[in-house]
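Here's coords-v8.cif, which has mmCIF, C-alpha atoms:
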data_input
#
loop_
_atom_site.label_atom_id
_atom_site.label_comp_id
_atom_site.auth_asym_id
_atom_site.auth_seq_id
_atom_site.Cartn_x
_atom_site.Cartn_y
_atom_site.Cartn_z
CA MET A 1 69.12 3.20 15.31
CA GLU A 2 70.45 1.01 12.55
CA SER A 3 72.81 -1.67 13.77
CA PRO A 4 76.44 -1.31 12.69
CA GLN A 5 77.29 -3.68 9.87
CA ILE A 6 80.14 -4.26 7.54
CA ASN A 7 79.10 -5.08 4.04
CA ASN A 8 79.88 -8.75 4.34
CA THR A 9 80.55 -9.58 0.73
CA LEU A 10 82.97 -6.70 0.42
CA PHE A 11 84.74 -7.70 3.60
CA LYS A 12 85.10 -11.25 2.34
CA LEU A 13 86.37 -10.11 -1.06
CA LEU A 14 88.81 -7.72 0.59
CA ILE A 15 90.31 -10.51 2.68
CA MET A 16 90.42 -12.78 -0.38
CA GLU A 17 92.44 -10.18 -2.28
CA MET A 18 94.49 -8.83 0.56
CA ILE A 19 96.00 -12.04 1.89
CA PRO A 20 97.37 -13.38 -1.42
CA THR A 21 98.82 -9.91 -2.09
CA ILE A 22 100.56 -9.83 1.28
CA ILE A 23 101.91 -13.35 0.69
CA GLU A 24 103.20 -12.46 -2.76
CA VAL A 25 104.88 -9.24 -1.64
CA SER A 26 106.37 -10.83 1.48
CA ARG A 27 107.70 -13.83 -0.45
CA SER A 28 109.44 -11.53 -2.90
CA HIS A 29 111.21 -10.03 0.14
CA GLY A 30 112.20 -13.53 1.21
CA LEU A 31 110.05 -13.83 4.36
CA SER A 32 109.19 -17.26 5.78
CA THR A 33 105.65 -18.57 6.26
CA ASP A 34 105.74 -17.70 9.96
CA GLN A 35 106.90 -14.17 9.28
CA VAL A 36 104.11 -13.73 6.75
CA ASN A 37 101.59 -14.97 9.30
CA LEU A 38 102.89 -12.46 11.84
CA LYS A 39 102.46 -9.65 9.34
CA ILE A 40 98.90 -10.70 8.56
CA GLU A 41 98.12 -11.09 12.23
CA LEU A 42 99.33 -7.57 12.99
CA LEU A 43 96.95 -6.21 10.37
CA GLY A 44 94.04 -8.03 11.96
CA TYR A 45 95.17 -6.90 15.40
CA LYS A 46 94.90 -3.26 14.43
CA LEU A 47 91.46 -3.84 12.95
CA GLY A 48 90.38 -5.60 16.14
CA ILE A 49 91.33 -2.68 18.38
CA LYS A 50 89.56 -0.13 16.19
CA LEU A 51 86.49 -2.23 15.53
CA ASN A 52 86.02 -2.96 19.20
CA GLU A 53 86.09 0.70 20.18
CA LEU A 54 83.55 1.47 17.51
CA LEU A 55 81.31 -1.47 18.25
CA LEU A 56 81.16 -0.85 21.98
CA PHE A 57 80.36 2.78 21.36
CA LYS A 58 77.51 1.84 19.05
CA LEU A 59 76.22 -0.89 21.32
CA ALA A 60 76.63 1.06 24.56
CA ASP A 61 72.90 1.71 24.77
CA GLN A 62 72.10 -1.95 24.37
CA PHE A 63 74.43 -2.93 27.20
CA SER A 64 73.21 -0.32 29.64
CA LYS A 65 69.61 -1.15 28.80
CA ASN A 66 69.96 -4.85 29.57
CA ASN A 67 72.16 -4.05 32.54
CA GLU A 68 74.85 -6.17 30.98
CA ASP A 69 78.39 -5.55 32.03
CA LEU A 70 81.48 -6.76 30.29
CA GLU A 71 83.33 -7.39 33.51
CA THR A 72 84.59 -10.95 33.44
CA VAL A 73 86.61 -12.55 30.68
CA LEU A 74 83.72 -14.96 30.14
CA ASP A 75 81.36 -12.02 29.48
CA ILE A 76 83.85 -10.67 26.98
CA MET A 77 84.16 -14.05 25.27
CA LYS A 78 80.38 -14.25 24.99
CA PHE A 79 80.40 -10.80 23.46
CA ILE A 80 82.97 -11.97 20.89
CA CYS A 81 81.01 -15.13 20.12
CA LYS A 82 77.73 -13.30 19.67
CA ASP A 83 77.99 -9.66 18.69
CA PHE A 84 81.49 -9.53 17.30
CA TRP A 85 81.27 -12.67 15.17
CA LYS A 86 77.93 -11.51 13.82
CA ILE A 87 79.46 -8.27 12.60
CA LEU A 88 82.36 -10.06 10.92
CA PHE A 89 80.73 -13.19 9.54
CA LYS A 90 76.96 -12.78 9.92
CA LYS A 91 76.75 -15.73 12.25
CA GLN A 92 77.49 -16.65 15.83
CA ILE A 93 80.22 -18.97 17.06
CA SER A 94 78.82 -22.51 17.19
CA ASN A 95 80.27 -23.52 20.52
CA LEU A 96 82.13 -21.93 23.42
CA ARG A 97 83.86 -23.91 26.14
CA THR A 98 86.09 -22.84 29.00
CA ASN A 99 88.05 -24.43 31.82
CA HIS A 100 87.35 -21.33 33.98
CA ARG A 101 91.10 -20.82 34.30
CA GLY A 102 91.60 -18.45 31.41
CA THR A 103 91.49 -20.94 28.55
CA PHE A 104 88.63 -20.74 26.08
CA VAL A 105 87.78 -22.96 23.15
CA LEU A 106 85.66 -21.45 20.39
CA VAL A 107 84.35 -23.70 17.66
CA ASP A 108 82.96 -22.36 14.41
CA SER A 109 81.51 -25.34 12.57
CA ASN A 110 81.39 -23.55 9.25
CA PHE A 111 84.10 -20.94 9.15
CA LYS A 112 83.17 -18.48 6.41
CA PRO A 113 86.59 -17.26 5.15
CA ILE A 114 87.67 -20.78 4.22
CA GLU A 115 84.36 -22.30 3.12
CA ASN A 116 85.27 -22.12 -0.60
CA PHE A 117 88.67 -23.72 -0.21
CA ASP A 118 89.79 -26.69 -2.26
CA VAL A 119 91.18 -28.84 0.55
CA SER A 120 92.53 -31.48 -1.81
CA ARG A 121 95.34 -29.14 -2.85
CA PRO A 122 98.65 -29.92 -1.18
CA ASP A 123 99.24 -26.31 -0.12
CA ALA A 124 95.77 -25.95 1.43
CA PRO A 125 96.88 -26.20 5.11
CA VAL A 126 99.44 -23.43 4.65
CA MET A 127 96.97 -21.19 2.84
CA ILE A 128 94.31 -21.77 5.47
CA SER A 129 96.81 -20.83 8.18
CA HIS A 130 97.35 -17.46 6.48
CA TYR A 131 93.65 -16.70 6.49
CA LEU A 132 93.26 -17.83 10.08
CA SER A 133 96.13 -15.57 11.14
CA TYR A 134 94.06 -12.59 10.13
CA VAL A 135 91.06 -13.63 12.20
CA ASN A 136 93.32 -14.58 15.12
CA GLY A 137 94.79 -11.10 14.92
CA VAL A 138 91.35 -9.50 14.97
CA MET A 139 90.46 -11.48 18.09
CA LYS A 140 93.77 -10.63 19.77
CA GLY A 141 93.20 -6.96 19.05
CA THR A 142 89.71 -7.10 20.45
CA LEU A 143 90.88 -8.80 23.63
CA LYS A 144 93.77 -6.34 23.92
CA SER A 145 91.32 -3.49 23.75
CA PHE A 146 89.60 -5.06 26.78
CA GLY A 147 93.03 -5.20 28.47
CA ILE A 148 93.56 -8.94 28.00
CA ASN A 149 96.67 -10.45 26.45
CA SER A 150 96.11 -13.71 24.65
CA VAL A 151 97.70 -16.52 22.69
CA ILE A 152 95.55 -18.14 20.02
CA THR A 153 96.13 -21.46 18.29
CA ASN A 154 93.90 -23.20 15.77
CA GLU A 155 92.79 -26.69 14.91
CA ILE A 156 91.34 -27.17 11.47
CA ASN A 157 88.84 -29.86 10.74
CA PHE A 158 87.45 -28.57 7.48
CA PRO A 159 85.06 -26.71 7.35
CA SER A 160 85.05 -26.48 11.11
CA VAL A 161 87.72 -24.42 12.87
CA THR A 162 88.64 -24.44 16.53
CA PHE A 163 90.22 -21.43 18.23
CA ASN A 164 92.10 -22.19 21.42
CA ILE A 165 92.48 -18.94 23.28
CA GLU A 166 94.73 -18.72 26.30
CA THR A 167 94.39 -15.50 28.24
CA ASP A 168 96.58 -14.12 30.98
CA ASN A 169 93.55 -13.23 33.06
CA ASN A 170 91.57 -15.81 34.96
CA ASN A 171 88.65 -14.08 36.57
CA MET B 1 70.01 18.51 35.23
CA ALA B 2 69.73 22.16 36.16
CA GLU B 3 72.94 22.05 38.13
CA PHE B 4 75.14 21.53 35.06
CA GLU B 5 73.80 24.20 32.88
CA ASP B 6 75.51 27.19 34.36
CA LYS B 7 78.92 25.60 34.36
CA ARG B 8 81.70 26.10 31.88
CA ILE B 9 84.10 23.37 30.91
CA CYS B 10 87.66 24.03 32.00
CA PHE B 11 89.35 20.79 31.03
CA ILE B 12 88.80 17.45 29.35
CA SER B 13 91.13 14.51 29.82
CA PHE B 14 91.27 10.93 28.59
CA ILE B 15 92.76 8.09 30.59
CA SER B 16 93.40 4.60 29.29
CA ARG B 17 92.26 1.28 30.70
CA ASP B 18 95.58 0.78 32.45
CA ASP B 19 95.37 4.25 34.01
CA LYS B 20 97.79 5.93 31.68
CA PRO B 21 96.94 9.55 30.80
CA LEU B 22 96.28 9.73 27.06
CA TYR B 23 95.32 13.30 26.46
CA ILE B 24 94.42 16.54 28.23
CA GLN B 25 93.18 19.85 26.89
CA SER B 26 92.27 22.86 29.00
CA PHE B 27 90.00 25.77 28.16
CA ASP B 28 89.06 29.20 29.37
CA LEU B 29 92.59 30.11 30.28
CA ASP B 30 92.60 33.87 30.56
CA THR B 31 94.89 35.34 27.93
CA LYS B 32 95.30 38.57 29.90
CA GLN B 33 96.92 36.72 32.74
CA GLY B 34 100.59 35.84 32.63
CA ASP B 35 101.94 32.59 31.32
CA THR B 36 102.85 31.37 34.79
CA ILE B 37 99.26 31.61 36.00
CA ASN B 38 98.02 29.74 32.97
CA ALA B 39 100.71 27.14 33.42
CA ASN B 40 99.69 26.77 37.05
CA ASN B 41 96.06 26.34 36.08
CA PHE B 42 96.97 23.75 33.51
CA LEU B 43 98.98 21.91 36.14
CA LYS B 44 96.03 22.11 38.52
CA TYR B 45 93.78 20.51 35.90
CA ASN B 46 96.34 17.75 35.44
CA PHE B 47 96.31 17.09 39.18
CA LEU B 48 92.54 17.19 39.27
CA SER B 49 92.22 14.58 36.56
CA HIS B 50 94.59 12.36 38.52
CA MET B 51 92.58 12.92 41.69
CA ALA B 52 89.46 11.94 39.81
CA LEU B 53 91.22 8.79 38.66
CA ASP B 54 92.04 7.86 42.25
CA ILE B 55 88.37 8.07 43.05
CA ILE B 56 87.33 6.02 40.03
CA THR B 57 89.72 3.21 40.93
CA SER B 58 89.17 3.22 44.69
CA PRO B 59 86.71 0.64 46.05
CA ALA B 60 84.84 3.41 47.88
CA SER B 61 83.72 4.77 44.53
CA ILE B 62 81.44 1.82 43.86
CA SER B 63 78.98 3.02 46.47
CA ILE B 64 79.21 6.61 45.24
CA ARG B 65 78.45 5.43 41.74
CA GLU B 66 75.56 3.28 42.83
CA GLN B 67 73.97 6.17 44.70
CA GLN B 68 74.28 8.51 41.80
CA GLN B 69 73.28 6.03 39.16
CA GLU B 70 70.09 5.17 40.97
CA ALA B 71 69.10 8.80 40.65
CA ASP B 72 69.49 8.73 36.91
CA VAL B 73 70.05 5.31 35.35
CA ARG B 74 70.60 6.49 31.80
CA ASN B 75 73.21 8.97 32.83
CA GLY B 76 76.61 7.27 32.68
CA ALA B 77 78.47 10.23 34.16
CA VAL B 78 79.29 10.55 37.84
CA LEU B 79 80.37 13.50 39.96
CA LEU B 80 83.75 12.49 41.36
CA VAL B 81 85.23 15.42 43.19
CA VAL B 82 84.68 19.12 43.81
CA TYR B 83 87.87 21.00 44.56
CA ASP B 84 88.87 24.63 44.35
CA ASP B 85 85.71 25.69 42.48
CA VAL B 86 86.09 22.94 39.91
CA SER B 87 83.62 20.05 39.76
CA VAL B 88 85.02 16.99 38.10
CA TYR B 89 82.76 14.49 36.35
CA GLY B 90 83.86 11.11 35.07
CA TYR B 91 82.58 8.53 32.63
CA GLU B 92 83.92 5.07 31.91
CA SER B 93 83.35 3.24 28.64
CA ASN B 94 83.02 -0.52 28.23
CA THR B 95 86.60 -0.70 26.98
CA GLY B 96 87.83 0.92 30.19
CA LEU B 97 88.50 4.32 28.67
CA LYS B 98 87.90 7.06 31.22
CA ILE B 99 86.78 10.48 30.13
CA ILE B 100 87.08 13.20 32.76
CA ILE B 101 85.59 16.65 32.40
CA GLY B 102 86.08 19.51 34.82
CA PHE B 103 83.56 22.35 35.11
CA ASN B 104 84.13 25.59 36.92
CA ASN B 105 81.28 27.22 38.73
CA GLN B 106 81.16 30.48 36.83
CA THR B 107 77.68 31.33 35.73
CA HIS B 108 77.22 32.15 32.10
CA LEU B 109 74.49 33.68 30.03
CA ASN B 110 71.64 32.21 27.98
CA GLN B 111 70.79 29.41 30.34
CA GLU B 112 67.52 28.74 28.54
CA GLU B 113 69.10 27.37 25.39
CA SER B 114 71.64 25.22 27.14
CA LYS B 115 68.91 23.21 28.79
CA MET B 116 68.79 21.21 25.58
CA VAL B 117 72.22 19.80 26.17
CA THR B 118 72.55 17.36 29.01
CA LEU B 119 75.70 16.07 30.57
CA ARG B 120 75.09 12.66 29.04
CA THR B 121 75.08 13.95 25.47
CA LEU B 122 78.20 15.97 26.22
CA PHE B 123 80.08 12.85 27.29
CA LEU B 124 78.72 10.94 24.32
CA SER B 125 79.90 13.54 21.84
CA VAL B 126 83.35 13.61 23.44
CA HIS B 127 83.47 9.82 23.29
CA LYS B 128 82.36 9.93 19.67
CA ALA B 129 85.20 12.28 18.78
CA TYR B 130 87.58 9.78 20.38
CA VAL B 131 86.12 6.81 18.47
CA LYS B 132 86.31 8.77 15.22
CA THR B 133 89.99 9.42 15.77
CA ILE B 134 90.75 5.82 16.72
CA CYS B 135 88.99 4.55 13.60
CA ASN B 136 90.83 6.89 11.27
CA PRO B 137 92.55 4.47 8.86
CA PHE B 138 95.37 6.93 8.23
CA LEU B 139 96.49 6.88 11.84
CA GLU B 140 98.62 3.92 12.89
CA ILE B 141 98.22 2.02 16.11
CA ASP B 142 101.68 0.90 17.18
CA SER B 143 102.17 -2.83 17.57
CA SER B 144 101.92 -2.78 21.37
CA GLY B 145 98.34 -1.55 21.05
CA ASP B 146 99.21 1.86 22.45
CA ILE B 147 96.82 4.54 21.27
CA GLU B 148 98.31 7.55 23.03
CA GLY B 149 100.13 8.74 19.93
CA MET B 150 96.96 8.65 17.86
CA LEU B 151 95.30 11.35 19.93
CA GLN B 152 98.08 13.91 19.58
CA ASN B 153 96.88 15.50 16.37
CA GLU B 154 95.32 18.72 15.29
CA VAL B 155 92.03 17.29 14.06
CA PHE B 156 91.28 15.69 17.42
CA ASP B 157 92.27 18.91 19.23
CA LYS B 158 89.86 20.84 17.03
CA SER B 159 86.95 18.45 17.40
CA ILE B 160 87.27 18.53 21.20
CA LYS B 161 87.56 22.32 21.13
CA LYS B 162 84.41 22.58 19.05
CA ILE B 163 82.38 20.45 21.45
CA VAL B 164 83.56 22.56 24.38
CA ASN B 165 82.88 25.85 22.63
CA ASP B 166 79.39 24.71 21.70
CA TRP B 167 78.77 23.86 25.34
CA ASN B 168 80.33 26.96 26.84
CA ASP B 169 78.62 29.33 24.42
CA ALA B 170 75.23 27.68 24.52
#
When written as C-alpha cells, how does the structure in this file appear?
Amino acid sequence: MESPQINNTLFKLLIMEMIPTIIEVSRSHGLSTDQVNLKIELLGYKLGIKLNELLLFKLADQFSKNNEDLETVLDIMKFICKDFWKILFKKQISNLRTNHRGTFVLVDSNFKPIENFDVSRPDAPVMISHYLSYVNGVMKGTLKSFGINSVITNEINFPSVTFNIETDNNN
Amino acid sequence: MAEFEDKRICFISFISRDDKPLYIQSFDLDTKQGDTINANNFLKYNFLSHMALDIITSPASISIREQQQEADVRNGAVLLVVYDDVSVYGYESNTGLKIIIGFNNQTHLNQEESKMVTLRTLFLSVHKAYVKTICNPFLEIDSSGDIEGMLQNEVFDKSIKKIVNDWNDA
C-alpha cells in the first residue's frame, strides 16, 4: 500500500497564502495579533483532528504488525515526532526531551515553514508567530484526538524552533 | 471465521474516546410489527452497546481480549457479550474510537458467498466510512473538538446502511 502523503510543495504554498490572507482579513475587522493567532490556531486544530484520524487508520496495519501501541503520552509524542512530522514536513523532529511529568520539548533545528524568512525585517517575530500558531494548532488537534489537552509555547532561534508542550496527562 | 457468516447485523454504534455515544443505527427492524416493538428493540440495542462498553472499559476485559487475540492476531475485533440472541462484537481504534456491532443469530441464505467477507474487513469498512465523514472538509468540527454532530448526516447514514446491506445480503 502506498503511504499517505500530502503533496508537500502544495501544502507549503497553501500555508504561505492562507496565513497572510487571514491576517489581512482579520486586521480589517480590527482584531489584535493575539486574536489573529487564535483564529489561525483553530484552523490548524481542526486539521490536526482530521489528519490524525486518517493517519491512524492508514497506519493501523503498521502498528499492529510491530505490536506498537500508542498507550502512553510518550508513545504518542514519538508518533508525532516521527510519523506525523514526516507527513507534514518530510522530516522528523530533531530532538525530543521530556521531564516524564507531562512536559515535552520538541526541537526542530530547521523548521520548514519559516526557512525562507527574512529575519532582518522588524516585523519578522510577529510574522513567525502567526505561522507557528498554525503548526501549534495542528499539534493541539492531534493530541486532542488522542484525548490529551495541551498548552504549547514556542522559542524561536532561527531557523531552529522549540515547541514546549505541557500536557494535562502524566503517564 | 465460520461462526460469523450466518449472522445478520442488527445494530452498529460508535462510542468516543471519553465513552460518549456518538452514533447508533439499527437494522432488520420488522416493518410488520408495531412501532412500540421496534422502539423497544432499538432501546435494547442502545442498552446492549452500553453493556459492551462496560466490558471494554472493565479491567477484566484485558484477559478476555488477550485470549481472543492470541487465537487470531490480525483480527482486531473481540466478542464482548452474548445476550438475548444478540452477539456483540467490539473494536477499538488507536484514537480510542470504539465501534460496536451486534449480530443476531438468525441464519440466512447463500453462506458460500459470504465466506469472502470476514469480520475484520467488516470493521475496517465501517471504520473507513467514519474516517471519510470526519475528513469531509465541508463538515465543521466545533471548537471543543466534539465530533458527535458530524456523524448526524444522511451521507453517513447511507454509507453505514450500504455496508450492512452488503453483509446481510451476501
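Near chain B, within 8 Å and using all atoms listed in the file, the residues of chain A are Leu42, Lys46, Ile49, Lys50, Leu51, Glu53, Leu54, Leu56, Phe57, Ala60, Ser64, Asp69, Leu70, Gly141, Lys144, Ser145, Phe146 and Gly147 of chain A.
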Residues matched by the PyMOL selection byres ((chain A and resi 95-101) around 12) as a VMD selection string:
chain A and resid 72 to 82 91 to 94 102 to 110 160 to 171
Provide the atom CA of A:Asn136 to atom CA of A:Tyr45 distance in Å, to one decimal place.
7.9 Å
Residues near B:His50, anyone? I mean within 10 Å using all atoms listed in the file, not counting same-chain ones fewer than 6 positions away, as an MDAnalysis selection string.
chainID B and resid 13 15 19:21 44 56 100
Please report the interatomic distance between atom CA of B:Phe14 and atom CA of A:Gln62 in Å with one decimal.
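These two atoms are separated by 23.5 Å.
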Two-atom distance - atom CA of B:Leu80, atom CA of B:Lys158 (Å):
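According to the coordinates, atom CA of B:Leu80 and atom CA of B:Lys158 are separated by 26.4 Å.
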Determine the residue membership of the PyMOL selection byres ((chain A and resi 12-29) around 10) for the file above and supply it as a list in words.
Asn7, Asn8, Thr9, Leu10, Phe11, Gly30, Leu31, Ser32, Thr33, Gln35, Val36, Asn37, Lys39, Ile40, Leu88, Phe89, Lys112, Pro113, Ile114, Met127, His130, Tyr131, Ser133 and Tyr134 of chain A
Might you spell out which residues the PyMOL selection byres ((chain B and resi 164) around 10) would select in the displayed file, as a list in words?
Arg8, Ile9, Cys10, Phe11, Ile12, Ser26, Phe27, Asp28, Leu122, Val126, Lys158, Ser159, Ile160, Lys161, Lys162, Ile163, Asn165, Asp166, Trp167, Asn168, Asp169 and Ala170 of chain B
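All residues of protein, DNA or RNA that reach within 12 Å of B:Tyr83, judged by all atoms listed in the file and not counting those fewer than 2 positions away in the chain, are Lys44, Tyr45, Phe47, Leu48, Ser49, Met51, Ala52, Leu79, Leu80, Val81, Asp85, Val86, Ser87, Val88, Tyr89, Gly102, Phe103, Asn104 and Asn105 of chain B.
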Could the residues in this selection be written to a file with C-alpha atoms, as a short mmCIF file (atom, residue, chain, number, x, y, z; two decimals), in the coordinates of the input?
data_model
loop_
_atom_site.label_atom_id
_atom_site.label_comp_id
_atom_site.auth_asym_id
_atom_site.auth_seq_id
_atom_site.Cartn_x
_atom_site.Cartn_y
_atom_site.Cartn_z
CA LYS B 44 96.03 22.11 38.52
CA TYR B 45 93.78 20.51 35.90
CA PHE B 47 96.31 17.09 39.18
CA LEU B 48 92.54 17.19 39.27
CA SER B 49 92.22 14.58 36.56
CA MET B 51 92.58 12.92 41.69
CA ALA B 52 89.46 11.94 39.81
CA LEU B 79 80.37 13.50 39.96
CA LEU B 80 83.75 12.49 41.36
CA VAL B 81 85.23 15.42 43.19
CA ASP B 85 85.71 25.69 42.48
CA VAL B 86 86.09 22.94 39.91
CA SER B 87 83.62 20.05 39.76
CA VAL B 88 85.02 16.99 38.10
CA TYR B 89 82.76 14.49 36.35
CA GLY B 102 86.08 19.51 34.82
CA PHE B 103 83.56 22.35 35.11
CA ASN B 104 84.13 25.59 36.92
CA ASN B 105 81.28 27.22 38.73
#
From the set A:Val135, A:Pro159, A:Lys58, A:Asn154, which residue has the shortest atom-to-atom contact distance to A:Asn116, counting all atoms listed in the file?
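Using all atoms listed in the file, the shortest distance to A:Asn116 belongs to A:Pro159.
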Judged by all atoms listed in the file, the minimum distance to A:Asp83 among A:Asp61, A:Ala124, A:Asn52, A:Ile148 is found for A:Asn52
Which is closest to A:Lys86 among A:Leu47, A:Leu55, A:Leu38, A:Ile128, if we use all atoms listed in the file?
A:Leu55
